[in-house]
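Structure data follow from start_14.cif (mmCIF, C-alpha atoms):
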```cif
data_data
#
loop_
_atom_site.label_atom_id
_atom_site.label_comp_id
_atom_site.auth_asym_id
_atom_site.auth_seq_id
_atom_site.Cartn_x
_atom_site.Cartn_y
_atom_site.Cartn_z
CA MET A 11 13.02 68.13 29.73
CA ILE A 12 14.11 64.50 29.41
CA PRO A 13 17.70 64.42 28.13
CA TYR A 14 18.43 62.43 24.96
CA ARG A 15 20.28 59.20 25.48
CA ILE A 16 23.81 59.42 24.18
CA ILE A 17 24.73 56.50 21.91
CA THR A 18 28.37 55.75 22.48
CA LEU A 19 30.81 54.59 19.83
CA ARG A 20 31.04 51.27 21.65
CA GLY A 21 27.25 50.86 21.48
CA ILE A 22 27.25 51.53 17.73
CA ARG A 23 29.93 48.89 17.21
CA ILE A 24 27.98 46.32 19.23
CA LEU A 25 24.79 47.07 17.30
CA THR A 26 26.56 46.88 13.93
CA THR A 27 28.22 43.57 14.83
CA SER A 28 24.92 42.10 16.00
CA LEU A 29 23.13 43.12 12.82
CA LEU A 30 25.96 41.71 10.70
CA CYS A 31 25.84 38.37 12.52
CA LEU A 32 22.06 38.26 12.16
CA GLY A 33 22.36 38.97 8.42
CA ILE A 34 24.94 36.21 7.93
CA PHE A 35 22.75 33.74 9.84
CA LEU A 36 19.64 34.56 7.80
CA CYS A 37 21.53 34.32 4.50
CA SER A 38 23.06 30.98 5.49
CA TYR A 39 19.71 29.65 6.68
CA THR A 40 17.95 30.69 3.46
CA TYR A 41 20.68 29.25 1.24
CA TYR A 42 20.87 25.98 3.16
CA TYR A 43 17.16 25.22 3.02
CA SER A 44 16.76 26.49 -0.53
CA TYR A 45 19.61 24.25 -1.67
CA ASN A 46 18.16 21.20 0.06
CA ALA A 47 14.52 21.83 -0.82
CA ARG A 48 12.71 19.13 -2.72
CA TRP A 49 10.66 20.07 -5.74
CA ASP A 50 7.47 19.05 -3.98
CA GLY A 51 8.06 21.45 -1.09
CA ARG A 52 9.44 18.93 1.39
CA LEU A 53 13.03 19.31 2.46
CA CYS A 54 15.51 16.68 1.42
CA HIS A 55 18.94 16.17 2.91
CA CYS A 56 19.97 13.17 0.84
CA GLU A 57 22.96 13.20 -1.44
CA ARG A 58 20.44 12.76 -4.25
CA CYS A 59 16.65 13.05 -4.18
CA VAL A 60 14.69 10.55 -6.20
CA SER A 61 12.17 13.13 -7.42
CA GLU A 62 14.72 15.72 -8.47
CA LEU A 63 13.70 17.41 -11.69
CA GLY A 64 15.90 18.57 -14.53
CA LEU A 65 17.82 15.32 -14.99
CA SER A 66 15.48 13.44 -17.31
CA ASN A 67 12.96 14.82 -19.77
CA TRP A 68 11.13 11.49 -19.65
CA PHE A 69 10.75 11.74 -15.86
CA ASP A 70 9.93 15.45 -15.85
CA LYS A 71 7.05 14.95 -18.29
CA ARG A 72 5.41 12.44 -15.97
CA PHE A 73 6.17 13.64 -12.45
CA ILE A 74 3.82 16.30 -11.02
CA PRO A 75 5.12 17.11 -7.54
CA ASP A 76 2.04 18.83 -6.11
CA HIS A 77 -0.25 15.79 -6.40
CA ILE A 78 -1.20 14.52 -2.92
CA PRO A 79 -1.38 10.70 -2.80
CA LEU A 80 -3.67 10.31 0.23
CA LEU A 81 -7.24 11.25 1.04
CA THR A 82 -7.41 13.68 3.95
CA ARG A 83 -10.14 15.54 5.76
CA THR A 84 -9.47 18.58 3.59
CA ASN A 85 -9.08 17.10 0.10
CA TYR A 86 -11.63 14.29 -0.27
CA THR A 87 -14.02 16.20 -2.57
CA LEU A 88 -13.44 14.87 -6.08
CA THR A 89 -13.74 16.81 -9.30
CA LYS A 90 -16.43 15.62 -11.68
CA GLU A 91 -13.79 14.35 -14.12
CA THR A 92 -11.95 12.34 -11.46
CA ARG A 93 -15.16 11.00 -9.97
CA ASN A 94 -16.50 9.82 -13.34
CA TRP A 95 -13.19 8.12 -14.20
CA TRP A 96 -12.85 6.43 -10.82
CA MET A 97 -16.48 5.25 -10.65
CA GLN A 98 -15.98 3.40 -13.96
CA LEU A 99 -13.13 1.23 -12.66
CA GLN A 100 -15.44 -1.27 -10.98
CA LYS A 101 -19.02 -0.20 -11.57
CA GLU A 102 -21.60 -0.46 -8.81
CA ARG A 103 -25.33 -0.55 -9.42
CA LYS A 104 -26.23 1.74 -6.53
CA PRO A 105 -23.09 3.19 -4.96
CA ASP A 106 -23.37 4.93 -1.61
CA ASN A 107 -22.66 8.64 -1.32
CA LEU A 108 -18.87 8.92 -1.47
CA SER A 109 -18.55 12.00 0.73
CA GLN A 110 -20.71 10.44 3.45
CA VAL A 111 -18.75 7.18 3.39
CA ILE A 112 -15.41 9.00 3.64
CA ALA A 113 -16.74 11.13 6.50
CA LYS A 114 -17.67 7.94 8.37
CA LEU A 115 -14.17 6.60 7.78
CA PHE A 116 -12.58 9.67 9.33
CA GLU A 117 -14.93 9.35 12.31
CA LEU A 118 -13.66 5.81 12.85
CA GLY A 119 -10.01 6.71 13.51
CA ARG A 120 -7.42 9.41 13.19
CA GLY A 121 -6.15 8.24 9.81
CA GLU A 122 -3.04 10.35 10.30
CA ASP A 123 0.49 9.69 9.14
CA ASN A 124 3.71 11.66 8.84
CA LEU A 125 4.17 10.82 5.16
CA LEU A 126 2.66 14.13 4.08
CA ILE A 127 4.27 16.24 6.79
CA ARG A 128 6.94 18.72 5.75
CA ARG A 129 10.26 17.64 7.25
CA HIS A 130 13.13 19.90 8.23
CA ARG A 131 15.86 17.31 8.57
CA GLY A 132 16.89 13.81 7.64
CA CYS A 133 16.78 11.70 4.50
CA ARG A 134 13.68 9.55 4.15
CA THR A 135 14.67 6.23 2.60
CA CYS A 136 12.01 3.79 1.41
CA ALA A 137 11.88 0.21 0.17
CA VAL A 138 9.03 -0.99 -2.03
CA VAL A 139 8.77 -4.77 -1.74
CA GLY A 140 6.73 -6.40 -4.48
CA ASN A 141 5.40 -9.93 -4.85
CA SER A 142 7.54 -11.90 -7.30
CA GLY A 143 9.99 -14.65 -6.33
CA ASN A 144 13.23 -12.83 -7.09
CA LEU A 145 14.15 -12.19 -3.45
CA LEU A 146 14.29 -15.83 -2.44
CA GLY A 147 17.88 -16.64 -1.52
CA SER A 148 18.93 -13.00 -1.95
CA ARG A 149 19.72 -12.25 1.73
CA TYR A 150 18.51 -8.68 1.22
CA GLY A 151 16.42 -8.74 4.40
CA LYS A 152 18.74 -6.57 6.48
CA ASP A 153 19.14 -4.05 3.67
CA ILE A 154 15.36 -3.75 3.34
CA ASP A 155 14.85 -3.31 7.08
CA THR A 156 17.36 -0.45 7.32
CA ASN A 157 15.00 1.84 5.41
CA GLU A 158 12.83 4.28 7.33
CA ILE A 159 9.73 3.27 5.37
CA VAL A 160 9.06 -0.27 4.11
CA PHE A 161 6.10 -0.68 1.76
CA ARG A 162 4.57 -4.09 1.08
CA MET A 163 1.39 -5.05 -0.68
CA ASN A 164 -1.52 -7.47 -0.97
CA GLN A 165 -0.86 -10.97 0.44
CA ALA A 166 2.91 -10.53 0.92
CA VAL A 167 4.27 -12.37 3.97
CA THR A 168 7.58 -12.10 5.83
CA LYS A 169 7.42 -14.92 8.38
CA GLY A 170 9.91 -17.61 7.45
CA PHE A 171 11.55 -15.44 4.79
CA GLN A 172 13.03 -12.64 6.94
CA GLN A 173 16.58 -13.27 5.77
CA ASP A 174 15.55 -12.55 2.19
CA VAL A 175 12.60 -10.14 2.46
CA GLY A 176 13.13 -8.45 5.83
CA SER A 177 10.81 -8.35 8.80
CA ARG A 178 9.66 -4.73 8.98
CA THR A 179 6.53 -3.35 7.36
CA THR A 180 5.55 0.24 8.02
CA HIS A 181 2.89 0.58 5.30
CA HIS A 182 0.89 -2.11 3.52
CA PHE A 183 -1.09 -1.53 0.31
CA MET A 184 -4.25 -3.59 -0.07
CA TYR A 185 -7.79 -3.61 -1.41
CA PRO A 186 -10.71 -5.70 -0.05
CA GLU A 187 -10.07 -8.68 -2.29
CA SER A 188 -6.37 -8.84 -1.29
CA ALA A 189 -6.74 -7.94 2.40
CA ARG A 190 -4.89 -9.59 5.25
CA ASP A 191 -4.39 -8.98 8.98
CA LEU A 192 -1.50 -6.70 9.95
CA GLU A 193 0.59 -5.88 12.99
CA ASN A 194 -0.72 -3.08 15.20
CA ASN A 195 2.12 -0.73 14.22
CA THR A 196 1.59 -1.08 10.45
CA HIS A 197 -0.34 1.46 8.40
CA VAL A 198 -2.94 0.22 5.94
CA ILE A 199 -3.00 2.06 2.62
CA LEU A 200 -6.34 1.09 1.14
CA ILE A 201 -6.49 1.27 -2.66
CA PRO A 202 -10.19 1.84 -3.43
CA PHE A 203 -11.55 0.91 -6.85
CA LYS A 204 -15.12 1.78 -5.84
CA VAL A 205 -17.13 3.33 -3.02
CA LEU A 206 -17.87 -0.14 -1.63
CA ASP A 207 -14.15 -0.66 -0.96
CA ILE A 208 -14.11 2.26 1.49
CA LYS A 209 -17.37 1.06 3.00
CA TRP A 210 -15.77 -2.38 3.41
CA ILE A 211 -12.86 -1.14 5.54
CA ILE A 212 -15.34 0.60 7.84
CA SER A 213 -17.43 -2.56 8.05
CA ALA A 214 -14.40 -4.79 8.61
CA LEU A 215 -13.54 -2.78 11.71
CA THR A 216 -17.09 -2.43 13.03
CA THR A 217 -20.22 -4.36 12.06
CA GLY A 218 -18.78 -6.86 9.58
CA GLU A 219 -21.82 -6.38 7.34
CA VAL A 220 -19.89 -6.22 4.04
CA THR A 221 -18.93 -9.75 3.07
CA ARG A 222 -18.81 -9.46 -0.70
CA THR A 223 -17.74 -7.00 -3.39
CA TYR A 224 -17.51 -8.68 -6.79
CA LYS A 225 -16.29 -11.73 -4.86
CA PRO A 226 -16.32 -12.86 -1.21
CA VAL A 227 -14.06 -10.74 1.05
CA LYS A 228 -12.90 -10.89 4.65
CA ARG A 229 -15.71 -9.93 7.00
CA ARG A 230 -13.29 -8.75 9.69
CA ILE A 231 -9.71 -7.59 9.56
CA LYS A 232 -7.17 -7.09 12.34
CA VAL A 233 -5.51 -3.72 11.79
CA ASN A 234 -5.03 -0.55 13.80
CA LYS A 235 -8.06 1.68 13.10
CA ASP A 236 -5.92 4.76 13.76
CA LYS A 237 -3.56 3.74 10.98
CA ILE A 238 -6.01 3.53 8.09
CA LEU A 239 -4.96 5.58 5.06
CA VAL A 240 -6.75 5.78 1.72
CA TYR A 241 -5.14 6.15 -1.70
CA HIS A 242 -6.55 9.25 -3.36
CA PRO A 243 -8.66 8.54 -6.49
CA HIS A 244 -7.23 11.63 -8.16
CA PHE A 245 -3.70 10.33 -7.56
CA PHE A 246 -4.86 6.95 -8.90
CA LYS A 247 -5.97 8.72 -12.11
CA TYR A 248 -2.67 10.62 -12.30
CA VAL A 249 -0.70 7.36 -12.15
CA TYR A 250 -2.87 5.87 -14.90
CA GLU A 251 -2.59 8.87 -17.20
CA ASN A 252 0.98 10.06 -16.59
CA TRP A 253 2.84 6.87 -15.80
CA ASN A 254 0.76 4.11 -17.42
CA GLN A 255 0.10 6.43 -20.35
CA ARG A 256 -3.51 5.16 -20.33
CA HIS A 257 -2.43 1.60 -21.18
CA GLY A 258 -4.62 -1.17 -19.79
CA ARG A 259 -7.61 -0.68 -17.52
CA THR A 260 -5.82 0.27 -14.30
CA PRO A 261 -2.26 0.47 -12.96
CA SER A 262 -0.97 -2.53 -11.03
CA THR A 263 -0.62 -2.39 -7.25
CA GLY A 264 3.15 -2.30 -7.74
CA MET A 265 2.92 0.71 -10.05
CA LEU A 266 0.59 2.51 -7.66
CA ALA A 267 3.00 1.80 -4.78
CA ILE A 268 6.16 2.98 -6.51
CA ILE A 269 4.66 6.25 -7.77
CA PHE A 270 3.24 6.79 -4.29
CA ALA A 271 6.76 6.34 -2.92
CA LEU A 272 8.16 8.85 -5.42
CA HIS A 273 5.94 11.51 -3.88
CA VAL A 274 6.64 10.84 -0.19
CA CYS A 275 10.23 9.52 -0.12
CA ASP A 276 13.65 11.05 -0.73
CA GLN A 277 15.23 7.80 -1.91
CA VAL A 278 13.43 4.68 -3.13
CA LYS A 279 14.77 1.15 -3.47
CA GLY A 280 13.11 -1.73 -5.18
CA SER A 281 10.85 -0.30 -7.85
CA PRO A 282 9.55 -3.02 -10.15
CA VAL A 283 8.97 -0.39 -12.83
CA ALA A 284 11.65 2.26 -12.44
CA PRO A 285 15.14 0.84 -11.80
CA TRP A 286 16.78 4.15 -12.66
CA LEU A 287 15.34 5.98 -9.64
CA GLU A 288 18.62 6.15 -7.73
CA CYS A 289 20.96 6.59 -10.66
CA SER A 290 23.46 9.38 -10.40
CA PRO A 291 22.62 12.44 -12.54
CA ARG A 292 25.24 11.45 -15.12
CA LYS A 293 23.90 7.93 -15.50
CA ARG A 294 20.18 8.49 -15.51
CA GLU A 295 18.71 7.70 -18.91
CA ASP A 296 15.57 8.62 -20.76
CA PRO A 297 14.24 5.11 -21.28
CA GLY A 298 12.88 3.97 -24.58
CA SER A 299 11.30 0.71 -23.53
CA ILE A 300 13.67 -0.58 -20.83
CA PRO A 301 16.21 1.65 -19.02
CA GLY A 302 19.76 0.31 -19.32
CA GLN A 303 18.69 -2.23 -21.91
CA ASP A 304 22.14 -2.33 -23.50
CA ARG A 305 23.92 -3.12 -20.24
CA GLN A 306 23.60 -6.71 -19.06
CA GLY A 307 23.09 -6.77 -15.31
CA GLU A 308 24.61 -3.33 -14.77
CA THR A 309 24.10 -1.80 -11.35
CA LEU A 310 22.04 1.35 -11.81
CA GLY A 311 22.14 3.42 -8.67
CA LYS A 312 21.88 1.31 -5.50
CA PHE A 313 20.22 -1.87 -6.71
CA PRO A 314 21.02 -4.43 -9.41
CA TYR A 315 18.96 -4.51 -12.56
CA SER A 316 18.84 -7.46 -14.92
CA THR A 317 18.02 -6.76 -18.54
CA GLN A 318 17.13 -10.40 -18.96
CA THR A 319 14.35 -10.37 -16.38
CA HIS A 320 13.81 -6.57 -16.23
CA THR A 321 13.45 -7.06 -12.49
CA PRO A 322 15.44 -5.04 -9.91
CA LEU A 323 15.94 -5.54 -6.18
CA PHE A 324 13.20 -6.01 -3.57
CA THR A 325 10.57 -8.20 -5.13
CA GLN A 326 9.15 -11.10 -3.17
CA GLN A 327 7.14 -14.29 -3.68
#
```
So that I can check it, write out the structure of this file as structure tokens.
Amino acid sequence: MIPYRIITLRGIRILTTSLLCLGIFLCSYTYYYSYNARWDGRLCHCERCVSELGLSNWFDKRFIPDHIPLLTRTNYTLTKETRNWWMQLQKERKPDNLSQVIAKLFELGRGEDNLLIRRHRGCRTCAVVGNSGNLLGSRYGKDIDTNEIVFRMNQAVTKGFQQDVGSRTTHHFMYPESARDLENNTHVILIPFKVLDIKWIISALTTGEVTRTYKPVKRRIKVNKDKILVYHPHFFKYVYENWNQRHGRTPSTGMLAIIFALHVCDQVKGSPVAPWLECSPRKREDPGSIPGQDRQGETLGKFPYSTQTHTPLFTQQ
């Protein structure tokens, strides 16, 4: 017979201590990541997260954390409701097949970005730089450039204005009629209003056959084909319905950019529509028409907000 192994008292103590240490580690790990988890499933290690729920009824009614702002290879099939809404924005007589056009786009380049990737550390700070003249003479350039992500849009330029508007651009929002050439390390975020807009970006990087939408557009564009991202039509509809409250025909590029940032960033500076984004929990208000409207020029959060112009930091000519 094979004799039973005798478990010594010392062995029991070692085993008990090991299990106790393992239990403490697992409890600490679970608590740490649960405490720092963002509402949208990404982990946030900022002092405050811009999309934190439970601080403003006004915000909570509008913000839906599980909406994905970008088209990907796995989510580009649109519901009938979204498709019908989106196809009415800028009607085409004979639009191409949307699924086929998107498939061609993904064949063109990787179209990948880390914006949608779940992160386990760090605090993702973002600056959204709009296109008014309020940054001229501001000397905010360095502050803008310190952010991990810098969003710009349409025909915005930095050359000659770096001291005021910064020099970095990581992501640039555009549509065919507002397109411009970009640096090789900058991501394009195409905002499509119609199927032809997606077909245009493919053409602009290949054959150059698309030269007109409802007006003449650039035949070619210098951008990195592996850094082409596309704003999701369903997210477009969500911004219009939840944040624009169905006012007007479509949201502005600035509105689309700032709500995009809310869903991919931990902290956001420079919203032209939401100056309360970085307010502390005790100062955040449920806005009636204009947040902070009774406080002339009060600093809300990390950027100044003027109740006379209703224009916060990070807007550019």
(request) Write out as an MDAnalysis selection string the residues lying within 9 Å of stretch 249-260 of chain A, counting all atoms listed in the file and excluding same-chain residues fewer than 3 positions away. (result) chainID A and resid 71:74 99 244:246 265:266 269:270
(message) When the PyMOL selection byres ((chain A and resi 82) around 9) is applied to the structure above, which residues does it catch, written out as number ranges by chain?
(response) A: 80-81, 83-86, 116, 121-122, 239-240, 242
Atoms to include: C-alpha atoms. Write the selected residues as a compact mmCIF listing (two decimals), in the frame of the given file.
```txt
# COMPACT_ATOMS: atom_id res chain seq x y z
CA LEU A 80 -3.67 10.31 0.23
CA LEU A 81 -7.24 11.25 1.04
CA ARG A 83 -10.14 15.54 5.76
CA THR A 84 -9.47 18.58 3.59
CA ASN A 85 -9.08 17.10 0.10
CA TYR A 86 -11.63 14.29 -0.27
CA PHE A 116 -12.58 9.67 9.33
CA GLY A 121 -6.15 8.24 9.81
CA GLU A 122 -3.04 10.35 10.30
CA LEU A 239 -4.96 5.58 5.06
CA VAL A 240 -6.75 5.78 1.72
CA HIS A 242 -6.55 9.25 -3.36
```
(request) Go through A:Phe161, A:Phe69, A:Phe203, A:Tyr150 one by one, measure the shortest atom-to-atom distance of each to A:Lys247 using only C-alpha atoms, and give the residue with the smallest value. (result)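 Closest candidate: A:Phe203.
When the PyMOL selection byres ((chain A and resi 164) around 7) is evaluated against the file, it yields Met163, Gln165, Ala166, Phe183, Met184, Ser188 and Ala189 of chain A.
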Restricted to C-alpha atoms, what would the selected residues look like written as a PDB file, in the frame of the given file?
```pdb
ATOM      1  CA  MET A 163       1.390  -5.050  -0.680  1.00  0.00           C
ATOM      2  CA  GLN A 165      -0.860 -10.970   0.440  1.00  0.00           C
ATOM      3  CA  ALA A 166       2.910 -10.530   0.920  1.00  0.00           C
ATOM      4  CA  PHE A 183      -1.090  -1.530   0.310  1.00  0.00           C
ATOM      5  CA  MET A 184      -4.250  -3.590  -0.070  1.00  0.00           C
ATOM      6  CA  SER A 188      -6.370  -8.840  -1.290  1.00  0.00           C
ATOM      7  CA  ALA A 189      -6.740  -7.940   2.400  1.00  0.00           C
TER       8      ALA A 189
END
```
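Once the PyMOL selection byres ((chain A and resi 180) around 9) is applied to this file, the selection holds Glu158, Ile159, Val160, Phe161, Arg162, Arg178, Thr179, His181, His182, Asn195, Thr196, His197 and Val198 of chain A.
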(request) Considering all atoms listed in the file, state which residue in the set A:Glu102, A:Val139, A:Leu272, A:Pro202 is at the smallest distance from A:Ser177. (result)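 Result for the nearest residue to A:Ser177: A:Val139.
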(request) For atom CA of A:Asn141 and atom CA of A:Cys59, determine how far apart the two atoms are, in Å to one decimal place. (result) 25.6 Å
(message) If I take atom CA of A:Gln173 and atom CA of A:Gly151, how far is one from the other in Å, to one decimal?
(response)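 Atom CA of A:Gly151 lies at a distance of 4.7 Å from atom CA of A:Gln173.
From atom CA of A:Tyr185 back to atom CA of A:Leu200, the distance works out to 5.5 Å.
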